[in-house]
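Q: Submitted below is the structure of interest, expressed as structure tokens.
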Amino acid sequence: MAQRFWLLALLVGMAGCAKFPEQPPAPVSRDRLVITLTYAAPINPAFFYYIAVDDDGDPLTGPLPALTRPWGNGWGVPLDERLGSRIHFFVEINRQSAQVFRIEVFEPPFTVRLLGPPLDLAFIPQNQPNQIRVTIDLRQLFPDQLPERVELNFISVDELKTDPYDNTPRTGFDALGLTGNEFISIPLHSTQTFRNGQGAVSEGSGDSRVDALDLADWEVRVVRGE
Ligand SMILES: [Ca+2]
Ligand SMILES: [Ca+2]
């Protein structure tokens with residue numbers, strides 16, 4: 001009886017194998033963005049650091065920070081045709097961790113979908129880091145087809161402004177350009193590195209009231225299929 005049971009178990013096991021062959025692990029995407037952000041002072045874990053991405057193909061629109069009412073999603077302006085602002089994806093870095101989100105509804109309260117953590121997150125140096133390096137899997141954002149280019153902004157804020165009646169302008173922030181109202185347009189067609197100062201947008205320290213929010217330098221490395 002016991003023998004019969006084992007034979008049956010073996011047969012069931014084999015049937016299981018035949019039905020569900022072991023799948024090789026899905027290959028990790030080789031299409032990536034490696035973004036390095038350097039701040040004027042060590043990162044404050046309580047502050048919010050965003051990499052905002054616009055993929056509409058229009059280099060004249062891009063992610064802008066929310067500096068006055070209405071407060072957008074608390075830190076950025078997901079959609080405003082008059083300002084030329086658009087944010088479709090973003091990475092949020094807070095409390096020493098990072099998550100990637102997609103904005104799904106372009107109306108308040110700007111419903112988002114969590115896509116998961118980025119491929120990699122590093123704080124450099126380990127002690128008192130003033131640099132954040134995020135590696136984004138481009139296929140996590142664009143599973144079907146990569147856009148020709150994306151517009152990026154690096155927006156850091158000391159708090160999320162969520163009170164719609166809050167009339168005080170934002171003071172603790174930084175983003176690209178002297179006023180924060182600039183962004184960069186990065187082509188994705190080949191492996192290339194883009195650095196601060198190469199194009200029209202030059203970012204330096206001294207344009208934020210808070211050193212831990214003051215973006216001093218950036219680098220974007222596009223990696224395609226290596
Ligand atoms: Ca755009
Ligand atoms: Ca700055």
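Every chain in the structure tokens takes a letter, A first, then B, and so on in the order presented; its residues are numbered from 1, and the ligands are numbered from 1 following the presented order.
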Compute the set of protein, DNA and RNA residues whose minimum atom distance to ligand 2 is at most 6 Å, using only C-alpha atoms and all ligand atoms, and state it as a PyMOL selection string.
A: chain A and resi 174+203-208+214-216
Q: Hey, which residues sit close to ligand 1? Say within 8 Å, counting only C-alpha atoms and all ligand atoms, and write them as a list in words.
A: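 These are the residues that qualify: Asp54, Asp55, Asp56, Gly57, Asp58, Pro59, Leu60, Thr61, Gly62, Pro63, Ser85, Arg86, Val150, Glu151 and Ser185 of chain A.
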Q: Produce a file of the selected residues containing N, CA and C atoms, as a PDB file, in the first residue's frame.
A:
```
ATOM      1  N   ASP A  54       8.979  63.058 -17.618  1.00  0.00           N
ATOM      2  CA  ASP A  54       7.902  63.333 -18.577  1.00  0.00           C
ATOM      3  C   ASP A  54       8.274  62.633 -19.880  1.00  0.00           C
ATOM      4  N   ASP A  55       7.338  61.877 -20.445  1.00  0.00           N
ATOM      5  CA  ASP A  55       7.627  61.079 -21.640  1.00  0.00           C
ATOM      6  C   ASP A  55       6.714  61.438 -22.803  1.00  0.00           C
ATOM      7  N   ASP A  56       6.206  62.692 -22.846  1.00  0.00           N
ATOM      8  CA  ASP A  56       5.231  63.025 -23.889  1.00  0.00           C
ATOM      9  C   ASP A  56       5.861  63.329 -25.242  1.00  0.00           C
ATOM     10  N   GLY A  57       7.193  63.282 -25.345  1.00  0.00           N
ATOM     11  CA  GLY A  57       7.860  63.513 -26.624  1.00  0.00           C
ATOM     12  C   GLY A  57       8.014  64.990 -26.968  1.00  0.00           C
ATOM     13  N   ASP A  58       7.489  65.875 -26.133  1.00  0.00           N
ATOM     14  CA  ASP A  58       7.573  67.314 -26.381  1.00  0.00           C
ATOM     15  C   ASP A  58       8.657  67.909 -25.492  1.00  0.00           C
ATOM     16  N   PRO A  59       9.789  68.318 -26.084  1.00  0.00           N
ATOM     17  CA  PRO A  59      10.882  68.843 -25.239  1.00  0.00           C
ATOM     18  C   PRO A  59      10.560  70.202 -24.620  1.00  0.00           C
ATOM     19  N   LEU A  60       9.405  70.801 -25.001  1.00  0.00           N
ATOM     20  CA  LEU A  60       9.033  72.100 -24.425  1.00  0.00           C
ATOM     21  C   LEU A  60       8.217  71.951 -23.145  1.00  0.00           C
ATOM     22  N   THR A  61       7.771  70.743 -22.852  1.00  0.00           N
ATOM     23  CA  THR A  61       7.090  70.516 -21.570  1.00  0.00           C
ATOM     24  C   THR A  61       7.939  69.569 -20.739  1.00  0.00           C
ATOM     25  N   GLY A  62       7.886  69.762 -19.434  1.00  0.00           N
ATOM     26  CA  GLY A  62       8.673  68.905 -18.552  1.00  0.00           C
ATOM     27  C   GLY A  62       8.239  69.086 -17.121  1.00  0.00           C
ATOM     28  N   PRO A  63       8.836  68.310 -16.216  1.00  0.00           N
ATOM     29  CA  PRO A  63       8.406  68.354 -14.817  1.00  0.00           C
ATOM     30  C   PRO A  63       8.843  69.643 -14.118  1.00  0.00           C
ATOM     31  N   SER A  85       4.023  72.181 -17.713  1.00  0.00           N
ATOM     32  CA  SER A  85       4.537  71.163 -16.785  1.00  0.00           C
ATOM     33  C   SER A  85       3.816  69.842 -16.979  1.00  0.00           C
ATOM     34  N   ARG A  86       4.580  68.783 -16.947  1.00  0.00           N
ATOM     35  CA  ARG A  86       3.990  67.446 -17.019  1.00  0.00           C
ATOM     36  C   ARG A  86       4.921  66.453 -16.320  1.00  0.00           C
ATOM     37  N   VAL A 150      13.089  61.647 -22.850  1.00  0.00           N
ATOM     38  CA  VAL A 150      12.309  61.989 -21.667  1.00  0.00           C
ATOM     39  C   VAL A 150      12.817  63.327 -21.141  1.00  0.00           C
ATOM     40  N   GLU A 151      11.918  64.089 -20.536  1.00  0.00           N
ATOM     41  CA  GLU A 151      12.321  65.291 -19.815  1.00  0.00           C
ATOM     42  C   GLU A 151      12.412  64.939 -18.334  1.00  0.00           C
ATOM     43  N   SER A 185      16.128  67.545 -21.327  1.00  0.00           N
ATOM     44  CA  SER A 185      15.534  66.584 -22.253  1.00  0.00           C
ATOM     45  C   SER A 185      16.627  65.606 -22.669  1.00  0.00           C
TER      46      SER A 185
END
```
Q: Quick one: residues within 12 Å of Gln192 of chain A, only C-alpha atoms, excluding same-chain residues fewer than 6 positions away - as a short mmCIF file (atom, residue, chain, number, x, y, z; two decimals) with C-alpha atoms, in the first residue's frame?
A:
```cif
data_model
loop_
_atom_site.label_atom_id
_atom_site.label_comp_id
_atom_site.auth_asym_id
_atom_site.auth_seq_id
_atom_site.Cartn_x
_atom_site.Cartn_y
_atom_site.Cartn_z
CA ASP A 31 17.95 49.48 -20.67
CA ARG A 32 18.64 51.75 -17.76
CA LEU A 33 19.02 55.26 -16.47
CA VAL A 34 21.73 55.76 -13.88
CA ILE A 186 17.47 63.33 -22.53
CA GLU A 219 24.80 63.20 -14.11
CA VAL A 220 22.47 61.04 -16.19
CA ARG A 221 23.83 57.93 -17.83
CA VAL A 222 21.63 56.25 -20.42
CA VAL A 223 22.49 52.56 -20.85
CA ARG A 224 20.97 50.71 -23.82
CA GLU A 226 24.72 46.33 -23.21
#
```
Q: Using 9 Å as the limit and counting only C-alpha atoms, can you tabulate each residue of segment 29-63 of chain A that touches segment 129-133 of chain A, with its shortest atom-to-atom distance in Å and the two atoms involved, as a tab-separated table?
A:
```
residue	atom	partner	partner_atom	distance
A:Val34	CA	A:Arg133	CA	7.0
A:Ile35	CA	A:Arg133	CA	5.6
A:Thr36	CA	A:Arg133	CA	4.4
A:Leu37	CA	A:Ile132	CA	5.2
A:Thr38	CA	A:Gln131	CA	4.4
A:Tyr39	CA	A:Asn130	CA	5.3
A:Ala40	CA	A:Asn130	CA	6.9
A:Ala41	CA	A:Asn130	CA	5.6
A:Pro42	CA	A:Asn130	CA	4.0
A:Ile43	CA	A:Asn130	CA	5.2
A:Asn44	CA	A:Asn130	CA	9.0
```
Q: Excluding same-chain residues fewer than 2 positions from Asn73 of chain A, what lies within 9 Å of it counting only C-alpha atoms, as a count of residues only?
A: 13
Q: What lies within 8 Å of Asn196 of chain A using only C-alpha atoms, ignoring chain neighbours under 3 positions off, as a PyMOL selection string?
A: chain A and resi 199+201-203+217-219
Q: Let me make sure I understand: among A:Ala122, A:Ala46, A:Ile103, A:Val112, which one has the smallest atom-to-atom distance to Ala212 of chain A if we use only C-alpha atoms?
A: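 Among the listed residues, A:Ala46 lies closest to Ala212 of chain A.
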Q: Nearest to Leu152 of chain A: which of A:Ile184, A:Leu114, A:Leu178, A:Val134 is it, counting only C-alpha atoms?
A: A:Ile184
Q: Extract the full set of helix (DSSP H, G or I) residues from segment 89-211 of chain A according to DSSP on the backbone, and format it as JSON, numbers by chain.
A: {"A": [138, 139, 140, 141, 211]}
Q: Those residues with N, CA and C atoms, as a short mmCIF file (atom, residue, chain, number, x, y, z; two decimals), in the first residue's frame please?
A:
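selection_24.cif, freshly written:
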```
data_model
loop_
_atom_site.label_atom_id
_atom_site.label_comp_id
_atom_site.auth_asym_id
_atom_site.auth_seq_id
_atom_site.Cartn_x
_atom_site.Cartn_y
_atom_site.Cartn_z
N LEU A 138 14.50 51.03 -17.36
CA LEU A 138 13.60 51.76 -18.27
C LEU A 138 12.40 50.91 -18.66
N ARG A 139 12.54 49.57 -18.62
CA ARG A 139 11.41 48.69 -18.97
C ARG A 139 10.37 48.64 -17.84
N GLN A 140 10.77 49.07 -16.65
CA GLN A 140 9.78 49.18 -15.57
C GLN A 140 8.81 50.33 -15.88
N LEU A 141 9.36 51.39 -16.48
CA LEU A 141 8.53 52.53 -16.87
C LEU A 141 7.81 52.26 -18.19
N ASP A 211 20.82 73.78 2.55
CA ASP A 211 21.94 73.11 1.89
C ASP A 211 21.65 71.64 1.57
#
```
Q: Within 6 Å of Arg102 of chain A, counting only C-alpha atoms, which residues show up once you throw out same-chain ones fewer than 2 positions away? Write them as a ChimeraX atom specification, please.
A: /A:88-89,112-113
Q: Using only C-alpha atoms for the distances, tell me which of A:Ala200, A:Ile93, A:Leu119, A:Val210 is nearest to Pro45 of chain A.
A: A:Ile93
Q: By how many Å are atom CA of Tyr165 of chain A and atom CA of Thr68 of chain A apart?
A: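 Atom-to-atom, atom CA of Tyr165 of chain A to atom CA of Thr68 of chain A, that is 10.7 Å.
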Q: Quick check for you: according to DSSP on this backbone, which residues of segment 26-201 of chain A are classed as strand (DSSP E)? Reply as number ranges by chain.
A: A: 32-39, 48-54, 64-65, 76-77, 79-80, 85-86, 89-94, 97-103, 112-116, 120-124, 131-137, 149-157, 173-174, 184-187, 192-195
Q: Would you compute the distance between atom CA of Thr111 of chain A and atom CA of Thr135 of chain A? Give it in Å to one decimal.
A: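 Separation between atom CA of Thr111 of chain A and atom CA of Thr135 of chain A: 24.2 Å.
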Q: Using only C-alpha atoms, can you tell me which of A:Phe48, A:Leu83, A:Thr168, A:Ser156 comes closest to Gln99 of chain A?
A: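 Among the listed residues, the smallest separation from Gln99 of chain A belongs to A:Phe48.
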Q: What is the distance, in Å and to one decimal place, between atom CA of Gly74 of chain A and atom CA of Leu146 of chain A?
A: 28.1 Å
